[in-house]
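J.: Sharing query26.cif below, mmCIF, C-alpha atoms:
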```cif
data_structure
#
loop_
_atom_site.group_PDB
_atom_site.id
_atom_site.type_symbol
_atom_site.label_atom_id
_atom_site.label_comp_id
_atom_site.auth_asym_id
_atom_site.auth_seq_id
_atom_site.Cartn_x
_atom_site.Cartn_y
_atom_site.Cartn_z
ATOM 1 C CA MET A 1 -6.890 -0.177 -18.091
ATOM 2 C CA VAL A 2 -8.032 1.850 -15.092
ATOM 3 C CA LYS A 3 -9.776 -0.402 -12.588
ATOM 4 C CA GLU A 4 -12.327 0.516 -9.952
ATOM 5 C CA ILE A 5 -10.744 0.988 -6.540
ATOM 6 C CA VAL A 6 -12.356 -1.048 -3.764
ATOM 7 C CA LEU A 7 -13.580 1.113 -0.895
ATOM 8 C CA TRP A 8 -13.613 0.609 2.890
ATOM 9 C CA GLY A 9 -16.164 -1.976 3.887
ATOM 10 C CA ASP A 10 -15.593 -4.343 0.982
ATOM 11 C CA PRO A 11 -14.521 -7.699 2.498
ATOM 12 C CA VAL A 12 -11.651 -8.169 0.004
ATOM 13 C CA LEU A 13 -9.707 -5.458 1.852
ATOM 14 C CA ARG A 14 -9.509 -7.785 4.867
ATOM 15 C CA GLU A 15 -8.354 -10.836 2.891
ATOM 16 C CA LYS A 16 -4.792 -12.068 3.172
ATOM 17 C CA GLY A 17 -3.354 -12.201 -0.318
ATOM 18 C CA LYS A 18 -2.385 -15.505 -1.869
ATOM 19 C CA LEU A 19 1.277 -15.955 -2.724
ATOM 20 C CA VAL A 20 2.062 -15.344 -6.367
ATOM 21 C CA THR A 21 3.698 -18.638 -7.333
ATOM 22 C CA GLU A 22 4.049 -17.822 -11.024
ATOM 23 C CA VAL A 23 4.142 -14.466 -12.771
ATOM 24 C CA THR A 24 1.802 -15.011 -15.687
ATOM 25 C CA ASP A 25 0.609 -12.650 -18.402
ATOM 26 C CA LYS A 26 -2.521 -12.169 -16.293
ATOM 27 C CA ILE A 27 -0.382 -10.981 -13.332
ATOM 28 C CA ARG A 28 1.640 -8.654 -15.586
ATOM 29 C CA THR A 29 -1.549 -7.168 -17.031
ATOM 30 C CA LEU A 30 -2.992 -6.740 -13.546
ATOM 31 C CA ALA A 31 0.202 -4.958 -12.428
ATOM 32 C CA ASP A 32 0.058 -2.627 -15.450
ATOM 33 C CA ASP A 33 -3.614 -1.898 -14.739
ATOM 34 C CA MET A 34 -2.781 -1.225 -11.087
ATOM 35 C CA LEU A 35 -0.075 1.275 -12.047
ATOM 36 C CA GLU A 36 -2.470 3.048 -14.392
ATOM 37 C CA THR A 37 -5.209 3.042 -11.731
ATOM 38 C CA MET A 38 -2.837 4.364 -9.048
ATOM 39 C CA ARG A 39 -1.615 7.174 -11.284
ATOM 40 C CA GLU A 40 -5.140 8.103 -12.375
ATOM 41 C CA ALA A 41 -6.139 8.342 -8.692
ATOM 42 C CA GLN A 42 -2.968 10.340 -7.915
ATOM 43 C CA GLY A 43 -1.778 7.804 -5.364
ATOM 44 C CA VAL A 44 1.710 6.591 -4.493
ATOM 45 C CA GLY A 45 0.833 2.925 -3.998
ATOM 46 C CA LEU A 46 -1.829 0.326 -4.673
ATOM 47 C CA ALA A 47 -2.276 -3.263 -3.509
ATOM 48 C CA ALA A 48 -4.089 -5.984 -5.435
ATOM 49 C CA GLN A 49 -6.827 -6.122 -2.769
ATOM 50 C CA GLN A 50 -7.665 -2.519 -3.630
ATOM 51 C CA VAL A 51 -8.729 -3.620 -7.112
ATOM 52 C CA GLY A 52 -10.556 -6.694 -5.850
ATOM 53 C CA GLU A 53 -7.803 -9.326 -6.139
ATOM 54 C CA ALA A 54 -6.568 -11.055 -2.962
ATOM 55 C CA LEU A 55 -2.989 -11.562 -4.149
ATOM 56 C CA GLN A 56 0.395 -10.550 -2.764
ATOM 57 C CA LEU A 57 1.021 -8.000 -5.514
ATOM 58 C CA ALA A 58 1.579 -4.269 -5.056
ATOM 59 C CA VAL A 59 2.802 -1.239 -6.986
ATOM 60 C CA ILE A 60 4.482 1.909 -5.664
ATOM 61 C CA ASP A 61 5.763 5.063 -7.330
ATOM 62 C CA VAL A 62 7.099 7.948 -5.242
ATOM 63 C CA SER A 63 9.350 9.305 -8.009
ATOM 64 C CA HIS A 64 7.323 12.535 -8.150
ATOM 65 C CA ASP A 65 9.222 13.675 -5.029
ATOM 66 C CA GLU A 66 12.956 12.959 -5.220
ATOM 67 C CA GLU A 67 13.447 14.398 -1.720
ATOM 68 C CA CYS A 68 10.900 12.088 -0.057
ATOM 69 C CA VAL A 69 13.717 9.813 1.162
ATOM 70 C CA SER A 70 17.111 10.521 2.673
ATOM 71 C CA TYR A 71 18.492 7.189 1.479
ATOM 72 C CA VAL A 72 17.580 4.206 -0.641
ATOM 73 C CA ARG A 73 19.694 1.107 -1.175
ATOM 74 C CA LEU A 74 19.188 -1.729 -3.619
ATOM 75 C CA ASN A 75 20.846 -4.997 -2.577
ATOM 76 C CA GLY A 76 23.065 -3.087 -0.140
ATOM 77 C CA GLU A 77 24.249 -0.465 -2.638
ATOM 78 C CA PRO A 78 23.095 3.173 -2.711
ATOM 79 C CA CYS A 79 20.850 3.916 -5.670
ATOM 80 C CA GLU A 80 18.705 6.696 -7.019
ATOM 81 C CA LEU A 81 14.974 6.607 -6.412
ATOM 82 C CA GLU A 82 14.316 6.804 -10.151
ATOM 83 C CA ASP A 83 16.331 3.594 -10.653
ATOM 84 C CA ILE A 84 13.701 1.501 -8.851
ATOM 85 C CA MET A 85 10.477 3.354 -9.676
ATOM 86 C CA PRO A 86 7.855 2.265 -10.365
ATOM 87 C CA LEU A 87 8.300 -0.560 -7.896
ATOM 88 C CA VAL A 88 6.154 -3.590 -8.761
ATOM 89 C CA PHE A 89 6.562 -6.574 -6.478
ATOM 90 C CA VAL A 90 5.086 -9.805 -5.166
ATOM 91 C CA ASN A 91 5.439 -11.883 -2.003
ATOM 92 C CA PRO A 92 7.132 -9.293 0.258
ATOM 93 C CA LYS A 93 8.824 -9.793 3.600
ATOM 94 C CA LEU A 94 9.707 -6.770 5.723
ATOM 95 C CA GLU A 95 12.174 -5.993 8.480
ATOM 96 C CA MET A 96 11.253 -2.833 10.366
ATOM 97 C CA GLY A 97 13.644 -0.314 11.822
ATOM 98 C CA SER A 98 13.407 0.430 15.539
ATOM 99 C CA SER A 99 12.898 4.215 15.263
ATOM 100 C CA LYS A 100 9.317 5.312 14.711
ATOM 101 C CA GLU A 101 7.670 8.440 13.403
ATOM 102 C CA VAL A 102 4.156 9.792 13.069
ATOM 103 C CA ASP A 103 3.128 11.159 9.692
ATOM 104 C CA SER A 104 -0.050 11.807 7.755
ATOM 105 C CA GLU A 105 -1.290 8.946 5.583
ATOM 106 C CA GLY A 106 -4.069 8.574 3.113
ATOM 107 C CA CYS A 107 -5.420 5.521 1.339
ATOM 108 C CA LEU A 108 -7.124 5.237 -2.028
ATOM 109 C CA SER A 109 -9.698 2.917 -0.412
ATOM 110 C CA PHE A 110 -10.576 5.753 2.027
ATOM 111 C CA PRO A 111 -10.608 8.756 -0.326
ATOM 112 C CA GLU A 112 -12.036 11.178 2.247
ATOM 113 C CA LEU A 113 -9.631 10.320 5.056
ATOM 114 C CA ARG A 114 -6.119 11.394 6.049
ATOM 115 C CA ILE A 115 -4.828 10.435 9.472
ATOM 116 C CA ASP A 116 -1.601 10.482 11.436
ATOM 117 C CA VAL A 117 -0.141 6.977 11.651
ATOM 118 C CA ARG A 118 2.879 5.875 13.677
ATOM 119 C CA ARG A 119 5.184 3.556 11.732
ATOM 120 C CA PRO A 120 8.843 2.548 11.700
ATOM 121 C CA LEU A 121 10.986 5.205 10.038
ATOM 122 C CA ASP A 122 13.104 2.678 8.111
ATOM 123 C CA VAL A 123 12.306 -0.566 6.355
ATOM 124 C CA THR A 124 14.245 -3.377 4.729
ATOM 125 C CA ALA A 125 12.011 -4.998 2.122
ATOM 126 C CA HIS A 126 12.719 -8.410 0.605
ATOM 127 C CA LEU A 127 10.760 -8.359 -2.641
ATOM 128 C CA GLN A 128 10.345 -10.414 -5.784
ATOM 129 C CA LEU A 129 10.032 -8.397 -8.964
ATOM 130 C CA LEU A 130 7.860 -9.541 -11.850
ATOM 131 C CA ASP A 131 10.892 -10.775 -13.808
ATOM 132 C CA GLY A 132 11.607 -13.201 -10.947
ATOM 133 C CA GLU A 133 14.548 -11.231 -9.527
ATOM 134 C CA LYS A 134 14.647 -11.099 -5.744
ATOM 135 C CA VAL A 135 15.834 -7.778 -4.361
ATOM 136 C CA VAL A 136 16.383 -6.124 -1.013
ATOM 137 C CA ILE A 137 15.410 -2.471 -0.771
ATOM 138 C CA GLU A 138 16.329 -0.391 2.258
ATOM 139 C CA ALA A 139 14.741 3.030 2.587
ATOM 140 C CA ASP A 140 13.263 5.657 4.843
ATOM 141 C CA GLY A 141 10.788 8.465 4.311
ATOM 142 C CA LEU A 142 7.801 8.201 2.026
ATOM 143 C CA LEU A 143 9.113 5.086 0.281
ATOM 144 C CA ALA A 144 9.415 3.195 3.591
ATOM 145 C CA ARG A 145 5.937 4.348 4.623
ATOM 146 C CA ALA A 146 4.412 3.411 1.246
ATOM 147 C CA ILE A 147 6.015 -0.044 1.301
ATOM 148 C CA GLN A 148 4.692 -0.694 4.815
ATOM 149 C CA HIS A 149 1.215 0.597 3.917
ATOM 150 C CA GLU A 150 0.912 -1.535 0.762
ATOM 151 C CA VAL A 151 2.366 -4.666 2.377
ATOM 152 C CA ASP A 152 -0.172 -4.248 5.188
ATOM 153 C CA HIS A 153 -2.913 -4.327 2.535
ATOM 154 C CA LEU A 154 -1.521 -7.600 1.191
ATOM 155 C CA PHE A 155 -2.152 -9.160 4.597
ATOM 156 C CA GLY A 156 -5.609 -7.646 5.142
ATOM 157 C CA ILE A 157 -4.359 -4.881 7.447
ATOM 158 C CA LEU A 158 -5.591 -1.323 6.926
ATOM 159 C CA PHE A 159 -3.948 1.904 8.040
ATOM 160 C CA ILE A 160 -6.787 2.494 10.488
ATOM 161 C CA ASP A 161 -5.656 -0.685 12.270
ATOM 162 C CA ARG A 162 -2.369 1.086 13.089
ATOM 163 C CA LEU A 163 -4.105 3.731 15.199
ATOM 164 C CA SER A 164 -3.980 3.757 18.980
ATOM 165 C CA THR A 165 -7.027 2.367 20.770
ATOM 166 C CA ALA A 166 -8.003 5.862 21.915
ATOM 167 C CA ARG A 167 -7.729 7.261 18.374
ATOM 168 C CA LYS A 168 -9.769 4.349 16.965
ATOM 169 C CA MET A 169 -12.475 5.026 19.546
ATOM 170 C CA SER A 170 -12.565 8.721 18.655
ATOM 171 C CA MET A 171 -12.895 7.864 14.942
ATOM 172 C CA ARG A 172 -15.436 5.059 15.324
ATOM 173 C CA ARG A 173 -18.434 7.132 14.209
ATOM 174 C CA ARG A 174 -16.597 8.702 11.262
ATOM 175 C CA LEU A 175 -15.380 5.305 10.038
ATOM 176 C CA LYS A 176 -18.880 3.850 10.367
ATOM 177 C CA ASP A 177 -20.309 6.787 8.382
ATOM 178 C CA LEU A 178 -17.645 6.404 5.690
ATOM 179 C CA LYS A 179 -18.330 2.680 5.408
ATOM 180 C CA ARG A 180 -22.059 3.344 4.990
ATOM 181 C CA MET A 181 -21.443 6.082 2.398
ATOM 182 C CA TYR A 182 -19.031 3.890 0.392
ATOM 183 C CA ALA A 183 -21.474 0.956 0.544
ATOM 184 C CA GLU A 184 -24.240 3.128 -0.885
ATOM 185 C CA GLU A 185 -21.945 4.450 -3.641
ATOM 186 C CA ALA A 186 -20.804 0.931 -4.542
ATOM 187 C CA GLY A 187 -24.314 -0.478 -4.317
ATOM 188 C CA TRP A 188 -23.414 -3.301 -1.910
ATOM 189 C CA GLU A 189 -25.404 -2.243 1.102
#
```
Can you present the structure in this file as structure tokens?

T.:
Amino acid sequence: MVKEIVLWGDPVLREKGKLVTEVTDKIRTLADDMLETMREAQGVGLAAQQVGEALQLAVIDVSHDEECVSYVRLNGEPCELEDIMPLVFVNPKLEMGSSKEVDSEGCLSFPELRIDVRRPLDVTAHLQLLDGEKVVIEADGLLARAIQHEVDHLFGILFIDRLSTARKMSMRRRLKDLKRMYAEEAGWE
């Protein structure tokens, strides 16, 4: 079932997600709904907070672009992107690479906004899959960026928080206007 995506200004986006201690049918259904919602919105990732649930659960699918990474490893072994997509995980822990890059990012909770965000180029993600398996995924490119973006959401961090102070100041008015517009659309102002 396609769920409504929470927009900038809704307090749930700033909530740290609760650990998922047991993968229940409710969690599995939520994950399926999140995948359907993400695909309907033509996104590459979605966190539980973005559908109103403050849980450490996220979904990612970058399989539409096989060349969006130069490498991906599963538990230390090279693998194909399609072997791990869609990626549905809970309770992540990340190790960031030291090299950084700036690239354009969007967010389904900010549908009118794309901004350049500086992030580590590589990531090592320690994830628990819904079947209970714990995996380590190492990647670069769009997959690394998507993992970092969605894991940020799980801890109440938004991509606008990753901007430099000067860039935040220059965007202050636009962000305020977007928040007001989204509040009116959602009917919570």

J.: What residues come out when you apply the PyMOL selection byres ((chain A and resi 90) around 7) to this file, written as a ChimeraX atom specification?

T.: /A:20,56-58,89,91-92,127-129

J.: Starting from the displayed file, determine the output of the PyMOL selection byres ((chain A and resi 125) around 7) and express the residue list as a compact mmCIF listing (two decimals) with C-alpha atoms, in the coordinates of the input.

T.:
```txt
# COMPACT_ATOMS: atom_id res chain seq x y z
CA PRO A 92 7.13 -9.29 0.26
CA LYS A 93 8.82 -9.79 3.60
CA LEU A 94 9.71 -6.77 5.72
CA GLU A 95 12.17 -5.99 8.48
CA VAL A 123 12.31 -0.57 6.36
CA THR A 124 14.24 -3.38 4.73
CA HIS A 126 12.72 -8.41 0.60
CA LEU A 127 10.76 -8.36 -2.64
CA VAL A 136 16.38 -6.12 -1.01
CA ILE A 137 15.41 -2.47 -0.77
CA GLU A 138 16.33 -0.39 2.26
```

J.: Which residues come within 10 Å of Leu142 (chain A), counting all atoms listed in the file, excluding same-chain residues fewer than 5 positions away, as a list in words?

T.: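 Listed by chain and then number, they are Val44, Val62, Asp65, Glu67, Cys68, Val69, Ser70, Asp103, Glu105, Leu121, Asp122, Ile147 and Gln148 of chain A.
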
J.: Which distance in Å separates CA of Tyr182 (chain A) and CA of Val88 (chain A), to one decimal?

T.: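 Here the two named atoms are 27.8 Å from each other.
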
J.: When you count all atoms listed in the file, which of these residues is closest to Lys26 (chain A): A:Leu175, A:Ile115, A:Leu74, A:Leu130?

T.: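 Smallest separation from Lys26 (chain A) among the options: A:Leu130.
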
J.: Starting from the displayed file, determine the output of the PyMOL selection byres ((chain A and resi 77) around 12) and express the residue list as number ranges by chain.

T.: A: 71-76, 78-80, 83, 135-139

J.: Let's have the selection written as a short mmCIF file (atom, residue, chain, number, x, y, z; two decimals), in the frame of the given file, with C-alpha atoms.

T.:
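Output file out-v1.cif follows:
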```cif
data_model
loop_
_atom_site.label_atom_id
_atom_site.label_comp_id
_atom_site.auth_asym_id
_atom_site.auth_seq_id
_atom_site.Cartn_x
_atom_site.Cartn_y
_atom_site.Cartn_z
CA TYR A 71 18.49 7.19 1.48
CA VAL A 72 17.58 4.21 -0.64
CA ARG A 73 19.69 1.11 -1.18
CA LEU A 74 19.19 -1.73 -3.62
CA ASN A 75 20.85 -5.00 -2.58
CA GLY A 76 23.06 -3.09 -0.14
CA PRO A 78 23.10 3.17 -2.71
CA CYS A 79 20.85 3.92 -5.67
CA GLU A 80 18.70 6.70 -7.02
CA ASP A 83 16.33 3.59 -10.65
CA VAL A 135 15.83 -7.78 -4.36
CA VAL A 136 16.38 -6.12 -1.01
CA ILE A 137 15.41 -2.47 -0.77
CA GLU A 138 16.33 -0.39 2.26
CA ALA A 139 14.74 3.03 2.59
#
```

J.: Could you tell me which of A:Lys18, A:Lys179, A:Lys168, A:Arg174 comes closest to Ala48 (chain A) if we count only C-alpha atoms?

T.: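 Using only C-alpha atoms, the shortest distance to Ala48 (chain A) belongs to A:Lys18.
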
J.: Taking all atoms listed in the file into account, name the residue in A:Gly156, A:Gly141, A:Pro120, A:Pro86 that is nearest to Gln49 (chain A).

T.: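 Nearest candidate to Gln49 (chain A) out of A:Gly156, A:Gly141, A:Pro120, A:Pro86: A:Gly156.
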